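K.L.:
Just dropping this structure here.
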Amino acid sequence: MAALERLLPVLTSEQGELQVELNLGKDTGGTCFLAGTIEGEVTLRCQRCMQELQLPLDLEFRLGLIRDESAADALPDSYEPLAVTAEPALVADIIADEILLALPIVSLHKGSNECHAVVKDYQPPQGEQRKNPFAVLAELKQKQ
Ligand SMILES: [Zn+2]
């Protein structure tokens, strides 16, 4: 798990195991592809209560290998383009990217009983005290 360096900033823990299966090949249409599955669980931080949150992963991806971006249009729809430059892409980076794409933008515990945030303690932001609208009416009546 520590190998997926790009993931570490978003994870609260390096603990956890991911089962990754990769399959590199060429389909009947001549497209070189890297297909794989990622299964396991990652630990994130709930943005509401700031406690740890386990997120199960079950991903499947299919990347079509292309030499440059312009070749992306020629890829069959079933593939996501993966540009292969002179530098070989690190498999760990590819996997990290796939996981990052699958993570929610804001991670939150699903249920209120799972989440540690105590909603009933919520305090409305302190601001100017609103005037009771009925008090205003009472003032108007007195002026008449
Ligand atoms: Zn929470």
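We name chains A, B, ... following the order of the structure tokens; residues begin at 1 in each chain, and ligands are numbered from 1 as shown.
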Write out as an NGL selection string all residues of region 2-128 of chain A that backbone DSSP assigns to strand (DSSP E or B).

P.N.:
:A and (18-26 or 32-45 or 52-66 or 80-83)

K.L.:
All residues within 12 Å of ligand 1 are required, counting only C-alpha atoms and all ligand atoms; please report them as a PDB file with N, CA and C atoms, in the first residue's frame.

P.N.:
```pdb
ATOM      1  N   LEU A  44     -10.134   6.626   4.653  1.00  0.00           N
ATOM      2  CA  LEU A  44     -10.181   8.060   4.382  1.00  0.00           C
ATOM      3  C   LEU A  44     -10.598   8.775   5.655  1.00  0.00           C
ATOM      4  N   ARG A  45     -10.700  10.100   5.559  1.00  0.00           N
ATOM      5  CA  ARG A  45     -11.173  10.873   6.699  1.00  0.00           C
ATOM      6  C   ARG A  45     -12.539  11.456   6.363  1.00  0.00           C
ATOM      7  N   CYS A  46     -13.464  11.233   7.264  1.00  0.00           N
ATOM      8  CA  CYS A  46     -14.800  11.783   7.071  1.00  0.00           C
ATOM      9  C   CYS A  46     -14.707  13.309   7.232  1.00  0.00           C
ATOM     10  N   GLN A  47     -15.241  14.044   6.270  1.00  0.00           N
ATOM     11  CA  GLN A  47     -15.116  15.501   6.292  1.00  0.00           C
ATOM     12  C   GLN A  47     -16.116  16.150   7.250  1.00  0.00           C
ATOM     13  N   ARG A  48     -16.992  15.361   7.834  1.00  0.00           N
ATOM     14  CA  ARG A  48     -17.964  15.906   8.776  1.00  0.00           C
ATOM     15  C   ARG A  48     -17.468  15.750  10.209  1.00  0.00           C
ATOM     16  N   CYS A  49     -16.984  14.544  10.556  1.00  0.00           N
ATOM     17  CA  CYS A  49     -16.578  14.312  11.943  1.00  0.00           C
ATOM     18  C   CYS A  49     -15.066  14.138  12.075  1.00  0.00           C
ATOM     19  N   MET A  50     -14.342  14.141  10.963  1.00  0.00           N
ATOM     20  CA  MET A  50     -12.882  14.006  10.935  1.00  0.00           C
ATOM     21  C   MET A  50     -12.380  12.689  11.524  1.00  0.00           C
ATOM     22  N   GLN A  51     -13.244  11.707  11.582  1.00  0.00           N
ATOM     23  CA  GLN A  51     -12.827  10.379  12.022  1.00  0.00           C
ATOM     24  C   GLN A  51     -12.564   9.520  10.788  1.00  0.00           C
ATOM     25  N   GLU A  52     -11.935   8.375  11.033  1.00  0.00           N
ATOM     26  CA  GLU A  52     -11.622   7.505   9.917  1.00  0.00           C
ATOM     27  C   GLU A  52     -12.869   6.886   9.310  1.00  0.00           C
ATOM     28  N   LEU A  53     -12.739   6.607   8.058  1.00  0.00           N
ATOM     29  CA  LEU A  53     -13.867   6.101   7.294  1.00  0.00           C
ATOM     30  C   LEU A  53     -13.334   5.016   6.359  1.00  0.00           C
ATOM     31  N   GLN A  54     -13.909   3.831   6.431  1.00  0.00           N
ATOM     32  CA  GLN A  54     -13.484   2.740   5.561  1.00  0.00           C
ATOM     33  C   GLN A  54     -14.308   2.780   4.288  1.00  0.00           C
ATOM     34  N   VAL A 106     -15.845  14.532  -1.643  1.00  0.00           N
ATOM     35  CA  VAL A 106     -15.935  14.749  -0.198  1.00  0.00           C
ATOM     36  C   VAL A 106     -16.360  13.424   0.410  1.00  0.00           C
ATOM     37  N   SER A 107     -15.510  12.868   1.243  1.00  0.00           N
ATOM     38  CA  SER A 107     -15.871  11.584   1.835  1.00  0.00           C
ATOM     39  C   SER A 107     -16.582  11.804   3.164  1.00  0.00           C
ATOM     40  N   LEU A 108     -17.704  11.150   3.305  1.00  0.00           N
ATOM     41  CA  LEU A 108     -18.507  11.276   4.522  1.00  0.00           C
ATOM     42  C   LEU A 108     -18.999   9.897   4.937  1.00  0.00           C
ATOM     43  N   HIS A 109     -19.153   9.699   6.225  1.00  0.00           N
ATOM     44  CA  HIS A 109     -19.829   8.490   6.692  1.00  0.00           C
ATOM     45  C   HIS A 109     -21.241   8.493   6.123  1.00  0.00           C
ATOM     46  N   LYS A 110     -21.740   7.335   5.803  1.00  0.00           N
ATOM     47  CA  LYS A 110     -23.061   7.269   5.176  1.00  0.00           C
ATOM     48  C   LYS A 110     -24.184   7.562   6.156  1.00  0.00           C
ATOM     49  N   GLY A 111     -24.234   6.840   7.251  1.00  0.00           N
ATOM     50  CA  GLY A 111     -25.346   7.009   8.181  1.00  0.00           C
ATOM     51  C   GLY A 111     -24.989   7.905   9.348  1.00  0.00           C
ATOM     52  N   SER A 112     -26.007   8.484   9.979  1.00  0.00           N
ATOM     53  CA  SER A 112     -25.718   9.357  11.110  1.00  0.00           C
ATOM     54  C   SER A 112     -25.264   8.541  12.320  1.00  0.00           C
ATOM     55  N   ASN A 113     -25.608   7.249  12.361  1.00  0.00           N
ATOM     56  CA  ASN A 113     -25.111   6.440  13.480  1.00  0.00           C
ATOM     57  C   ASN A 113     -23.678   5.992  13.261  1.00  0.00           C
ATOM     58  N   GLU A 114     -23.219   6.011  12.006  1.00  0.00           N
ATOM     59  CA  GLU A 114     -21.828   5.694  11.718  1.00  0.00           C
ATOM     60  C   GLU A 114     -20.952   6.916  11.930  1.00  0.00           C
ATOM     61  N   CYS A 115     -21.516   8.076  11.640  1.00  0.00           N
ATOM     62  CA  CYS A 115     -20.740   9.305  11.711  1.00  0.00           C
ATOM     63  C   CYS A 115     -20.652   9.763  13.157  1.00  0.00           C
ATOM     64  N   HIS A 116     -19.467  10.269  13.519  1.00  0.00           N
ATOM     65  CA  HIS A 116     -19.244  10.662  14.905  1.00  0.00           C
ATOM     66  C   HIS A 116     -19.608  12.118  15.158  1.00  0.00           C
ATOM     67  N   ALA A 117     -19.950  12.837  14.113  1.00  0.00           N
ATOM     68  CA  ALA A 117     -20.332  14.233  14.305  1.00  0.00           C
ATOM     69  C   ALA A 117     -21.655  14.277  15.051  1.00  0.00           C
ATOM     70  N   VAL A 118     -21.720  15.103  16.064  1.00  0.00           N
ATOM     71  CA  VAL A 118     -22.952  15.189  16.848  1.00  0.00           C
ATOM     72  C   VAL A 118     -23.782  16.348  16.290  1.00  0.00           C
ATOM     73  N   VAL A 119     -24.766  15.976  15.508  1.00  0.00           N
ATOM     74  CA  VAL A 119     -25.521  16.993  14.784  1.00  0.00           C
ATOM     75  C   VAL A 119     -26.349  17.854  15.732  1.00  0.00           C
TER      76      VAL A 119
END
```

K.L.:
Which one is closest to Val10 (chain A): A:Ala83, A:Leu63, A:Leu24, A:Ile105? Count only C-alpha atoms.

P.N.:
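Nearest to Val10 (chain A): A:Ile105.
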
K.L.:
Any chance you could list, as a ChimeraX atom specification, the residues in region 86-117 of chain A that come up alpha helix (DSSP H) when DSSP is run on the backbone?

P.N.:
/A:91-102

K.L.:
For the interface of region 75-121 of chain A with region 29-39 of chain A (cut-off 10 Å, counting only C-alpha atoms), please tabulate each contacting residue of region 75-121 of chain A alongside its nearest pair of atoms and their separation in Å to one decimal, rows sorted by chain and increasing number, as a tab-separated table.

P.N.:
```
residue	atom	partner	partner_atom	distance
A:Leu75	CA	A:Thr31	CA	7.6
A:Pro76	CA	A:Thr31	CA	8.4
A:Tyr79	CA	A:Phe33	CA	8.0
A:Glu80	CA	A:Phe33	CA	9.4
A:Pro81	CA	A:Phe33	CA	9.1
A:Leu82	CA	A:Phe33	CA	8.7
A:Val91	CA	A:Leu34	CA	10.0
A:Ile94	CA	A:Leu34	CA	9.9
A:Ile95	CA	A:Ile38	CA	7.9
A:Glu98	CA	A:Ile38	CA	8.7
A:Ile99	CA	A:Ile38	CA	8.1
```

K.L.:
Suppose we keep N, CA, C and O atoms; can you now write the selection as an mmCIF file, in the first residue's frame?

P.N.:
```cif
data_model
loop_
_atom_site.group_PDB
_atom_site.id
_atom_site.type_symbol
_atom_site.label_atom_id
_atom_site.label_comp_id
_atom_site.auth_asym_id
_atom_site.auth_seq_id
_atom_site.Cartn_x
_atom_site.Cartn_y
_atom_site.Cartn_z
ATOM 1 N N LEU A 75 -9.418 5.358 -30.395
ATOM 2 C CA LEU A 75 -9.653 4.248 -29.466
ATOM 3 C C LEU A 75 -11.126 3.844 -29.446
ATOM 4 O O LEU A 75 -11.998 4.693 -29.492
ATOM 5 N N PRO A 76 -11.378 2.558 -29.382
ATOM 6 C CA PRO A 76 -12.769 2.126 -29.190
ATOM 7 C C PRO A 76 -13.327 2.702 -27.885
ATOM 8 O O PRO A 76 -12.565 2.959 -26.948
ATOM 9 N N TYR A 79 -12.512 1.770 -24.109
ATOM 10 C CA TYR A 79 -11.231 2.029 -23.448
ATOM 11 C C TYR A 79 -11.097 3.471 -22.986
ATOM 12 O O TYR A 79 -11.542 4.392 -23.664
ATOM 13 N N GLU A 80 -10.461 3.629 -21.846
ATOM 14 C CA GLU A 80 -9.997 4.952 -21.420
ATOM 15 C C GLU A 80 -8.582 5.090 -21.974
ATOM 16 O O GLU A 80 -7.800 4.142 -21.907
ATOM 17 N N PRO A 81 -8.251 6.259 -22.517
ATOM 18 C CA PRO A 81 -6.904 6.397 -23.082
ATOM 19 C C PRO A 81 -5.821 6.486 -22.011
ATOM 20 O O PRO A 81 -6.009 7.088 -20.960
ATOM 21 N N LEU A 82 -4.724 5.845 -22.285
ATOM 22 C CA LEU A 82 -3.550 5.972 -21.419
ATOM 23 C C LEU A 82 -2.362 6.239 -22.336
ATOM 24 O O LEU A 82 -1.964 5.385 -23.119
ATOM 25 N N VAL A 91 3.293 1.319 -12.883
ATOM 26 C CA VAL A 91 2.032 0.620 -12.655
ATOM 27 C C VAL A 91 1.368 1.141 -11.375
ATOM 28 O O VAL A 91 0.158 1.340 -11.319
ATOM 29 N N ILE A 94 -0.538 4.246 -12.135
ATOM 30 C CA ILE A 94 -1.771 3.967 -12.869
ATOM 31 C C ILE A 94 -2.852 3.497 -11.897
ATOM 32 O O ILE A 94 -3.987 3.959 -11.926
ATOM 33 N N ILE A 95 -2.475 2.609 -11.008
ATOM 34 C CA ILE A 95 -3.428 2.089 -10.032
ATOM 35 C C ILE A 95 -3.885 3.207 -9.093
ATOM 36 O O ILE A 95 -5.077 3.349 -8.809
ATOM 37 N N GLU A 98 -6.399 5.359 -10.821
ATOM 38 C CA GLU A 98 -7.706 4.712 -10.926
ATOM 39 C C GLU A 98 -8.464 4.817 -9.599
ATOM 40 O O GLU A 98 -9.656 5.052 -9.565
ATOM 41 N N ILE A 99 -7.749 4.641 -8.505
ATOM 42 C CA ILE A 99 -8.387 4.719 -7.191
ATOM 43 C C ILE A 99 -8.814 6.152 -6.901
ATOM 44 O O ILE A 99 -9.928 6.406 -6.440
#
```

K.L.:
Enter the distance from CA of Glu5 (chain A) to CA of Leu103 (chain A), in Å, rounded to one decimal.

P.N.:
15.6 Å
